[in-house]
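S.K.: What follows is the file coords34.json, containing JSON, C-alpha atoms and all ligand atoms:
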```
[["chain", "number", "residue", "atom", "x", "y", "z"],
["A", 606, "MET", "CA", 117.14, 50.76, 109.07],
["A", 607, "ILE", "CA", 114.52, 49.77, 111.67],
["A", 608, "ARG", "CA", 115.26, 51.34, 115.01],
["A", 609, "VAL", "CA", 114.46, 48.91, 117.79],
["A", 610, "ASN", "CA", 112.42, 50.29, 120.70],
["A", 611, "GLU", "CA", 111.75, 53.66, 119.07],
["A", 612, "ILE", "CA", 109.30, 55.51, 121.32],
["A", 613, "LYS", "CA", 106.92, 58.17, 119.99],
["A", 614, "ILE", "CA", 105.07, 60.44, 122.43],
["A", 615, "ARG", "CA", 101.89, 62.24, 121.29],
["A", 616, "ASP", "CA", 98.66, 63.68, 122.65],
["A", 617, "ALA", "CA", 95.99, 61.04, 123.16],
["A", 618, "ARG", "CA", 92.77, 61.06, 121.13],
["A", 619, "ARG", "CA", 89.29, 59.81, 121.97],
["A", 620, "GLU", "CA", 89.83, 56.88, 119.54],
["A", 621, "ASP", "CA", 92.72, 55.73, 121.74],
["A", 622, "ILE", "CA", 90.38, 54.90, 124.64],
["A", 623, "PRO", "CA", 90.29, 51.10, 124.02],
["A", 624, "SER", "CA", 94.11, 50.94, 123.76],
["A", 625, "ILE", "CA", 94.53, 53.09, 126.86],
["A", 626, "VAL", "CA", 92.20, 50.82, 128.83],
["A", 627, "HIS", "CA", 94.06, 47.77, 127.53],
["A", 628, "THR", "CA", 97.40, 49.33, 128.51],
["A", 629, "CYS", "CA", 96.13, 50.15, 131.98],
["A", 630, "LYS", "CA", 94.91, 46.59, 132.53],
["A", 631, "ALA", "CA", 98.16, 45.17, 131.15],
["A", 632, "SER", "CA", 100.37, 47.29, 133.44],
["A", 633, "THR", "CA", 99.48, 45.70, 136.79],
["A", 634, "THR", "CA", 97.31, 42.85, 137.97],
["A", 635, "GLN", "CA", 94.32, 43.41, 140.25],
["A", 636, "GLU", "CA", 96.08, 41.20, 142.83],
["A", 637, "GLU", "CA", 99.18, 43.41, 142.88],
["A", 638, "LEU", "CA", 96.98, 46.43, 143.56],
["A", 639, "ILE", "CA", 95.36, 44.97, 146.69],
["A", 640, "GLY", "CA", 96.31, 47.15, 149.65],
["A", 641, "PHE", "CA", 97.74, 49.92, 147.46],
["A", 642, "SER", "CA", 94.77, 51.24, 145.49],
["A", 643, "ALA", "CA", 91.19, 52.36, 146.04],
["A", 644, "PRO", "CA", 88.44, 50.23, 144.50],
["A", 645, "GLU", "CA", 86.96, 53.31, 142.83],
["A", 646, "TRP", "CA", 90.16, 54.17, 140.96],
["A", 647, "GLY", "CA", 88.92, 52.08, 138.07],
["A", 648, "THR", "CA", 88.20, 54.77, 135.48],
["A", 649, "PHE", "CA", 91.12, 53.83, 133.22],
["A", 650, "ARG", "CA", 90.16, 50.13, 133.40],
["A", 651, "ASP", "CA", 86.71, 50.79, 131.95],
["A", 652, "ALA", "CA", 86.23, 52.29, 128.46],
["A", 653, "ASN", "CA", 82.73, 53.57, 129.20],
["A", 654, "GLN", "CA", 83.83, 55.35, 132.36],
["A", 655, "LEU", "CA", 86.78, 56.87, 130.52],
["A", 656, "ARG", "CA", 84.53, 58.02, 127.64],
["A", 657, "GLY", "CA", 82.31, 59.62, 130.25],
["A", 658, "ILE", "CA", 85.08, 61.94, 131.50],
["A", 659, "TRP", "CA", 86.76, 62.58, 128.10],
["A", 660, "THR", "CA", 85.89, 66.12, 126.97],
["A", 661, "THR", "CA", 87.81, 67.22, 123.86],
["A", 662, "THR", "CA", 91.18, 66.62, 122.12],
["A", 663, "ASN", "CA", 93.38, 64.96, 124.78],
["A", 664, "ARG", "CA", 91.44, 66.42, 127.71],
["A", 665, "LEU", "CA", 89.46, 64.91, 130.52],
["A", 666, "LYS", "CA", 87.13, 66.65, 132.90],
["A", 667, "ASP", "CA", 88.81, 69.02, 135.38],
["A", 668, "ASP", "CA", 91.49, 69.83, 132.75],
["A", 669, "TYR", "CA", 93.47, 66.63, 133.07],
["A", 670, "GLU", "CA", 95.37, 65.78, 129.86],
["A", 671, "VAL", "CA", 96.46, 62.43, 128.45],
["A", 672, "ILE", "CA", 99.57, 61.65, 126.40],
["A", 673, "VAL", "CA", 100.45, 58.26, 124.98],
["A", 674, "ALA", "CA", 103.68, 56.45, 124.09],
["A", 675, "GLU", "CA", 103.74, 54.34, 120.94],
["A", 676, "MET", "CA", 106.19, 51.67, 119.87],
["A", 677, "LYS", "CA", 105.73, 50.21, 116.41],
["A", 678, "ARG", "CA", 102.48, 52.26, 116.16],
["A", 679, "GLN", "CA", 101.00, 50.51, 119.15],
["A", 680, "ILE", "CA", 100.15, 52.32, 122.38],
["A", 681, "VAL", "CA", 102.34, 50.84, 125.10],
["A", 682, "GLY", "CA", 102.03, 53.51, 127.79],
["A", 683, "PHE", "CA", 100.15, 56.63, 128.83],
["A", 684, "LEU", "CA", 100.46, 59.46, 131.32],
["A", 685, "VAL", "CA", 97.77, 61.71, 132.79],
["A", 686, "PHE", "CA", 98.76, 65.17, 134.00],
["A", 687, "LYS", "CA", 97.36, 68.54, 134.94],
["A", 688, "ARG", "CA", 98.87, 72.01, 134.80],
["A", 689, "GLU", "CA", 98.37, 73.87, 138.05],
["A", 690, "ILE", "CA", 99.31, 77.55, 138.44],
["A", 691, "GLU", "CA", 102.90, 76.97, 139.58],
["A", 692, "PHE", "CA", 103.50, 73.29, 138.99],
["A", 693, "LEU", "CA", 102.58, 70.30, 136.85],
["A", 694, "TYR", "CA", 100.92, 67.33, 138.51],
["A", 695, "ILE", "CA", 101.36, 63.76, 137.22],
["A", 696, "ASP", "CA", 98.22, 61.88, 138.15],
["A", 697, "LEU", "CA", 98.85, 58.51, 136.54],
["A", 698, "ILE", "CA", 101.41, 56.64, 134.44],
["A", 699, "ASP", "CA", 101.05, 53.09, 133.18],
["A", 700, "ILE", "CA", 103.23, 51.03, 130.86],
["A", 701, "ARG", "CA", 102.29, 47.58, 129.54],
["A", 702, "LYS", "CA", 104.16, 44.95, 131.55],
["A", 703, "SER", "CA", 105.68, 43.49, 128.37],
["A", 704, "GLU", "CA", 107.25, 46.90, 127.59],
["A", 705, "GLN", "CA", 108.35, 47.97, 131.08],
["A", 706, "GLY", "CA", 112.03, 48.61, 131.62],
["A", 707, "LYS", "CA", 112.56, 49.83, 128.04],
["A", 708, "GLY", "CA", 112.60, 53.58, 128.71],
["A", 709, "VAL", "CA", 108.91, 54.27, 127.95],
["A", 710, "GLY", "CA", 108.12, 55.60, 131.44],
["A", 711, "ARG", "CA", 111.18, 57.84, 131.31],
["A", 712, "ALA", "CA", 110.17, 59.18, 127.86],
["A", 713, "LEU", "CA", 106.66, 60.09, 129.08],
["A", 714, "VAL", "CA", 107.91, 61.79, 132.25],
["A", 715, "GLU", "CA", 110.62, 63.70, 130.35],
["A", 716, "HIS", "CA", 108.00, 64.86, 127.83],
["A", 717, "VAL", "CA", 105.85, 66.54, 130.50],
["A", 718, "GLU", "CA", 108.97, 67.79, 132.28],
["A", 719, "ASN", "CA", 109.99, 69.60, 129.09],
["A", 720, "LEU", "CA", 106.48, 71.07, 128.78],
["A", 721, "ALA", "CA", 106.66, 72.32, 132.37],
["A", 722, "ILE", "CA", 110.09, 73.87, 131.82],
["A", 723, "LYS", "CA", 108.94, 75.62, 128.61],
["A", 724, "GLU", "CA", 105.95, 77.04, 130.44],
["A", 725, "GLY", "CA", 108.07, 78.33, 133.32],
["A", 726, "LEU", "CA", 106.52, 76.09, 135.95],
["A", 727, "THR", "CA", 108.66, 75.64, 139.04],
["A", 728, "SER", "CA", 108.12, 71.97, 139.90],
["A", 729, "ILE", "CA", 106.46, 68.68, 139.09],
["A", 730, "GLU", "CA", 104.51, 66.80, 141.70],
["A", 731, "THR", "CA", 103.24, 63.26, 141.79],
["A", 732, "ASP", "CA", 102.48, 60.58, 144.34],
["A", 733, "THR", "CA", 102.35, 56.89, 144.97],
["A", 734, "THR", "CA", 101.07, 54.84, 147.89],
["A", 735, "GLU", "CA", 102.34, 52.63, 150.68],
["A", 736, "ASN", "CA", 100.32, 49.78, 152.14],
["A", 737, "ALA", "CA", 99.28, 49.28, 155.77],
["A", 738, "GLN", "CA", 102.64, 47.60, 156.48],
["A", 739, "GLY", "CA", 104.51, 50.67, 155.21],
["A", 740, "VAL", "CA", 105.70, 48.94, 152.02],
["A", 741, "PRO", "CA", 105.79, 51.42, 149.14],
["A", 742, "TRP", "CA", 104.16, 50.61, 145.79],
["A", 743, "LYS", "CA", 106.69, 49.22, 143.32],
["A", 744, "SER", "CA", 107.05, 52.45, 141.34],
["A", 745, "TYR", "CA", 108.71, 54.16, 144.36],
["A", 746, "ASP", "CA", 112.28, 53.66, 143.06],
["A", 747, "PHE", "CA", 111.26, 54.71, 139.54],
["A", 748, "TRP", "CA", 110.29, 58.17, 140.86],
["A", 749, "LEU", "CA", 113.60, 58.48, 142.73],
["A", 750, "LYS", "CA", 115.43, 57.44, 139.55],
["A", 751, "MET", "CA", 113.56, 60.16, 137.63],
["A", 752, "GLY", "CA", 114.90, 62.78, 140.05],
["A", 753, "PHE", "CA", 111.83, 63.13, 142.27],
["A", 754, "ARG", "CA", 112.22, 63.57, 146.03],
["A", 755, "ASP", "CA", 110.10, 61.78, 148.61],
["A", 756, "THR", "CA", 108.73, 64.69, 150.65],
["A", 757, "GLY", "CA", 108.70, 62.47, 153.74],
["A", 758, "GLU", "CA", 104.99, 63.06, 154.26],
["A", 759, "ARG", "CA", 102.62, 60.13, 154.58],
["A", 760, "LEU", "CA", 99.05, 61.24, 153.97],
["A", 761, "LYS", "CA", 96.24, 59.19, 155.43],
["A", 762, "THR", "CA", 93.43, 58.10, 153.13],
["A", 763, "LYS", "CA", 90.06, 56.61, 153.93],
["A", 764, "TRP", "CA", 91.50, 53.23, 152.95],
["A", 765, "ASP", "CA", 94.33, 51.23, 154.55],
["A", 766, "PHE", "CA", 97.06, 52.75, 152.39],
["A", 767, "LYS", "CA", 98.75, 56.14, 152.73],
["A", 768, "THR", "CA", 99.81, 58.53, 149.96],
["A", 769, "ILE", "CA", 103.50, 59.33, 149.42],
["A", 770, "PRO", "CA", 103.93, 62.75, 147.74],
["A", 771, "PHE", "CA", 106.96, 63.34, 145.49],
["A", 772, "VAL", "CA", 108.29, 66.60, 144.13],
["A", 773, "LYS", "CA", 110.90, 67.54, 141.52],
["A", 774, "GLN", "CA", 112.11, 71.14, 141.44],
["A", 775, "LEU", "CA", 112.74, 72.46, 137.95],
["A", 776, "ASN", "CA", 114.87, 75.49, 138.82],
["B", 801, "LIG", "C1", 106.67, 52.42, 137.06],
["B", 801, "LIG", "C2", 106.65, 52.49, 135.52],
["B", 801, "LIG", "C3", 105.78, 53.67, 135.09],
["B", 801, "LIG", "C4", 108.08, 52.72, 135.03],
["B", 801, "LIG", "O1", 108.09, 52.78, 133.60],
["B", 801, "LIG", "P1", 109.13, 51.92, 132.75],
["B", 801, "LIG", "O2", 108.93, 52.22, 131.33],
["B", 801, "LIG", "O3", 109.06, 50.51, 133.19],
["B", 801, "LIG", "O4", 110.51, 52.57, 133.28],
["B", 801, "LIG", "P2", 111.79, 52.98, 132.38],
["B", 801, "LIG", "O5", 112.20, 51.78, 131.59],
["B", 801, "LIG", "O6", 111.53, 54.22, 131.64],
["B", 801, "LIG", "O7", 112.84, 53.24, 133.53],
["B", 801, "LIG", "C5", 113.47, 54.48, 133.78],
["B", 801, "LIG", "C6", 114.52, 54.28, 134.85],
["B", 801, "LIG", "O8", 113.88, 53.91, 136.08],
["B", 801, "LIG", "C7", 114.36, 52.63, 136.52],
["B", 801, "LIG", "N1", 113.21, 51.89, 137.05],
["B", 801, "LIG", "C8", 112.03, 51.66, 136.45],
["B", 801, "LIG", "N2", 111.20, 50.96, 137.26],
["B", 801, "LIG", "C9", 111.90, 50.75, 138.38],
["B", 801, "LIG", "C10", 111.61, 50.09, 139.61],
["B", 801, "LIG", "N3", 110.42, 49.51, 139.83],
["B", 801, "LIG", "N4", 112.59, 50.05, 140.55],
["B", 801, "LIG", "C11", 113.80, 50.64, 140.35],
["B", 801, "LIG", "N5", 114.12, 51.30, 139.21],
["B", 801, "LIG", "C12", 113.19, 51.34, 138.25],
["B", 801, "LIG", "C13", 114.92, 51.96, 135.28],
["B", 801, "LIG", "O9", 115.92, 51.01, 135.61],
["B", 801, "LIG", "C14", 115.47, 53.13, 134.50],
["B", 801, "LIG", "O10", 116.73, 53.51, 134.97],
["B", 801, "LIG", "P3", 117.91, 53.90, 133.92],
["B", 801, "LIG", "O11", 117.31, 54.97, 133.02],
["B", 801, "LIG", "O12", 119.00, 54.36, 134.79],
["B", 801, "LIG", "O13", 118.17, 52.64, 133.17],
["B", 801, "LIG", "C15", 106.12, 51.17, 134.88],
["B", 801, "LIG", "O14", 106.95, 50.11, 135.28],
["B", 801, "LIG", "C16", 104.67, 50.84, 135.22],
["B", 801, "LIG", "O15", 103.76, 51.20, 134.48],
["B", 801, "LIG", "N6", 104.43, 50.13, 136.33],
["B", 801, "LIG", "C17", 103.08, 49.70, 136.71],
["B", 801, "LIG", "C18", 102.16, 50.86, 136.98],
["B", 801, "LIG", "C19", 102.73, 51.85, 137.97],
["B", 801, "LIG", "O16", 103.36, 51.48, 138.94],
["B", 801, "LIG", "N7", 102.50, 53.16, 137.73],
["B", 801, "LIG", "C20", 102.95, 54.22, 138.59],
["B", 801, "LIG", "C21", 102.00, 54.44, 139.70],
["B", 801, "LIG", "S1", 102.58, 55.67, 140.86]]
```
Could you take the file, read its structure, and then write that structure out as structure tokens?
Ligand SMILES: CC(C)(COP(=O)(O)OP(=O)(O)OC[C@H]1O[C@@H](n2cnc3c(N)ncnc32)[C@H](O)[C@@H]1OP(=O)(O)O)[C@@H](O)C(=O)NCCC(=O)NCCS

M.R.:
Amino acid sequence: MIRVNEIKIRDARREDIPSIVHTCKASTTQEELIGFSAPEWGTFRDANQLRGIWTTTNRLKDDYEVIVAEMKRQIVGFLVFKREIEFLYIDLIDIRKSEQGKGVGRALVEHVENLAIKEGLTSIETDTTENAQGVPWKSYDFWLKMGFRDTGERLKTKWDFKTIPFVKQLN
């Protein structure tokens, strides 16, 4: 029996770079990002830049790690995270537009949440942005749905948007 929408999560490999870049570009349009994202956050949209920071196995420089989600053996999403001393930080998550709303984002977040729990970490942190008009980026409600709490802080950046930190306590 073929199971529809079966999602497999695994560590990324260097050979996945083209698919990861494709997934990143297929998750949002450049237009949607205007006002919410810094021009220099383009590393995952450029295979050469991503190769430049990829170190070994699924690791990037500064100990960031990449996991991917596959459906029908095709990469449809990825998540970048880092283990800090007490908590796990989710830096980035992107799902191809055509596969959004099918549980892939949830599967990736739950995967790192389980890792964090196994390792005795106390929380997971992440963030999104809000534009100059105070409109949050469209993933805001996804993070609430995944059990994260908006800390209420709004951190200024050198661009027009502010950062919205989220936290999820694990114990
Ligand atoms: C945000 C994103 C990661 C969510 O992943 P996804 O695979 O589409 O989400 P899922 O299908 O796993 O949804 C999980 C739950 O969150 C809800 N959800 C997802 N996106 C939502 C949104 N924008 N608003 C409200 N709820 C949302 C779903 O309804 C689902 O709820 P349920 O489990 O009760 O049915 C994905 O849409 C994406 O890549 N967006 C573009 C890039 C992006 O915004 N990245 C995050 C930057 S901070």

S.K.: List as a tab-separated table every residue of chain A that is in contact with ligand LIG 801 (chain B), defined as an atom at most 7 Å from one of its atoms (using all atoms listed in the file), together with the nearest atom pair and the distance in Å rounded to one decimal, sorted by chain and then rising number.

M.R.:
```
residue	atom	partner	partner_atom	distance
A:Ser632	CA	B:LIG801	C17	4.9
A:Thr633	CA	B:LIG801	C17	5.4
A:Leu697	CA	B:LIG801	C21	6.0
A:Ile698	CA	B:LIG801	N7	4.9
A:Asp699	CA	B:LIG801	O15	3.6
A:Ile700	CA	B:LIG801	O15	3.7
A:Arg701	CA	B:LIG801	O15	6.3
A:Lys702	CA	B:LIG801	O15	6.9
A:Glu704	CA	B:LIG801	O2	6.7
A:Gln705	CA	B:LIG801	O3	3.4
A:Gly706	CA	B:LIG801	O5	3.2
A:Lys707	CA	B:LIG801	O5	4.1
A:Gly708	CA	B:LIG801	O6	3.2
A:Val709	CA	B:LIG801	O2	4.0
A:Gly710	CA	B:LIG801	O2	3.5
A:Arg711	CA	B:LIG801	O6	3.7
A:Ala712	CA	B:LIG801	O6	6.4
A:Asp732	CA	B:LIG801	S1	6.0
A:Thr733	CA	B:LIG801	S1	4.3
A:Trp742	CA	B:LIG801	O16	7.0
A:Lys743	CA	B:LIG801	N3	5.1
A:Ser744	CA	B:LIG801	C1	4.3
A:Tyr745	CA	B:LIG801	N3	6.7
A:Asp746	CA	B:LIG801	C11	4.3
A:Phe747	CA	B:LIG801	C12	4.1
A:Lys750	CA	B:LIG801	O8	5.2
A:Met751	CA	B:LIG801	O8	6.4
```

S.K.: Looking at A:Asp616, A:Trp748, A:Glu715, A:Phe641, which one is nearest to Phe766 in chain A, with distances taken over all atoms listed in the file?

M.R.: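 Once distances to Phe766 in chain A are computed over all atoms listed in the file, the minimum belongs to A:Phe641.
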
S.K.: Any idea what the distance is between CA of Leu760 in chain A and CA of Glu730 in chain A?

M.R.: 14.5 Å

S.K.: Give me, as a ChimeraX atom specification, all polymer residues having an atom no more than 10 Å from Glu758 in chain A, counting all atoms listed in the file and skipping those fewer than 5 positions away in the same chain.

M.R.: /A:767-771

S.K.: Taking into account all atoms listed in the file, which residue in the set A:His716, A:Lys630, A:Lys761, A:Arg664 is nearest to Ile612 in chain A?

M.R.: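 Among the listed residues, the smallest separation from Ile612 in chain A belongs to A:His716.
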
S.K.: With all atoms listed in the file as the counted atoms, please give the residues lying no more than 8 Å from Ile622 in chain A, apart from itself and same-chain residues fewer than 6 positions off, as a short mmCIF file (atom, residue, chain, number, x, y, z; two decimals) with C-alpha atoms, in the coordinates of the input.

M.R.:
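Heads up, here's the output in part_15.cif:
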```
data_model
loop_
_atom_site.label_atom_id
_atom_site.label_comp_id
_atom_site.auth_asym_id
_atom_site.auth_seq_id
_atom_site.Cartn_x
_atom_site.Cartn_y
_atom_site.Cartn_z
CA ALA A 652 86.23 52.29 128.46
CA LEU A 655 86.78 56.87 130.52
CA ARG A 656 84.53 58.02 127.64
#
```

S.K.: Can you pull out every residue within 9 Å of Glu675 in chain A, counting all atoms listed in the file, but drop anything in the same chain fewer than 6 positions away, and send it as a PyMOL selection string?

M.R.: chain A and resi 611-615+681-683+709

S.K.: Because the input lacks atoms here, generate N, CA and C atoms for range 649-664 of chain A and report them as a tab-separated table (two decimals), in the coordinates of the input.

M.R.:
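Writing done, so here's result23.tsv:
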```
chain	number	residue	atom	x	y	z
A	649	PHE	N	90.30	54.14	134.40
A	649	PHE	CA	91.12	53.83	133.22
A	649	PHE	C	91.08	52.33	132.88
A	650	ARG	N	90.33	51.56	133.68
A	650	ARG	CA	90.16	50.13	133.40
A	650	ARG	C	88.81	49.88	132.75
A	651	ASP	N	88.06	50.95	132.45
A	651	ASP	CA	86.71	50.79	131.95
A	651	ASP	C	86.45	51.83	130.85
A	652	ALA	N	86.34	51.37	129.60
A	652	ALA	CA	86.23	52.29	128.46
A	652	ALA	C	85.02	53.22	128.59
A	653	ASN	N	83.91	52.71	129.09
A	653	ASN	CA	82.73	53.57	129.20
A	653	ASN	C	82.93	54.68	130.22
A	654	GLN	N	83.54	54.32	131.35
A	654	GLN	CA	83.83	55.35	132.36
A	654	GLN	C	84.79	56.39	131.80
A	655	LEU	N	85.79	55.92	131.06
A	655	LEU	CA	86.78	56.87	130.52
A	655	LEU	C	86.13	57.77	129.45
A	656	ARG	N	85.28	57.20	128.62
A	656	ARG	CA	84.53	58.02	127.64
A	656	ARG	C	83.71	59.09	128.35
A	657	GLY	N	83.18	58.71	129.49
A	657	GLY	CA	82.31	59.62	130.25
A	657	GLY	C	83.03	60.86	130.76
A	658	ILE	N	84.36	60.76	130.97
A	658	ILE	CA	85.08	61.94	131.50
A	658	ILE	C	85.94	62.60	130.43
A	659	TRP	N	85.94	62.01	129.20
A	659	TRP	CA	86.76	62.58	128.10
A	659	TRP	C	86.01	63.77	127.53
A	660	THR	N	86.63	64.94	127.45
A	660	THR	CA	85.89	66.12	126.97
A	660	THR	C	86.24	66.41	125.50
A	661	THR	N	87.44	66.87	125.23
A	661	THR	CA	87.81	67.22	123.86
A	661	THR	C	89.31	66.98	123.67
A	662	THR	N	89.76	66.92	122.44
A	662	THR	CA	91.18	66.62	122.12
A	662	THR	C	91.73	65.57	123.09
A	663	ASN	N	92.80	65.94	123.84
A	663	ASN	CA	93.38	64.96	124.78
A	663	ASN	C	92.95	65.24	126.22
A	664	ARG	N	91.82	65.94	126.36
A	664	ARG	CA	91.44	66.42	127.71
A	664	ARG	C	90.34	65.61	128.37
```
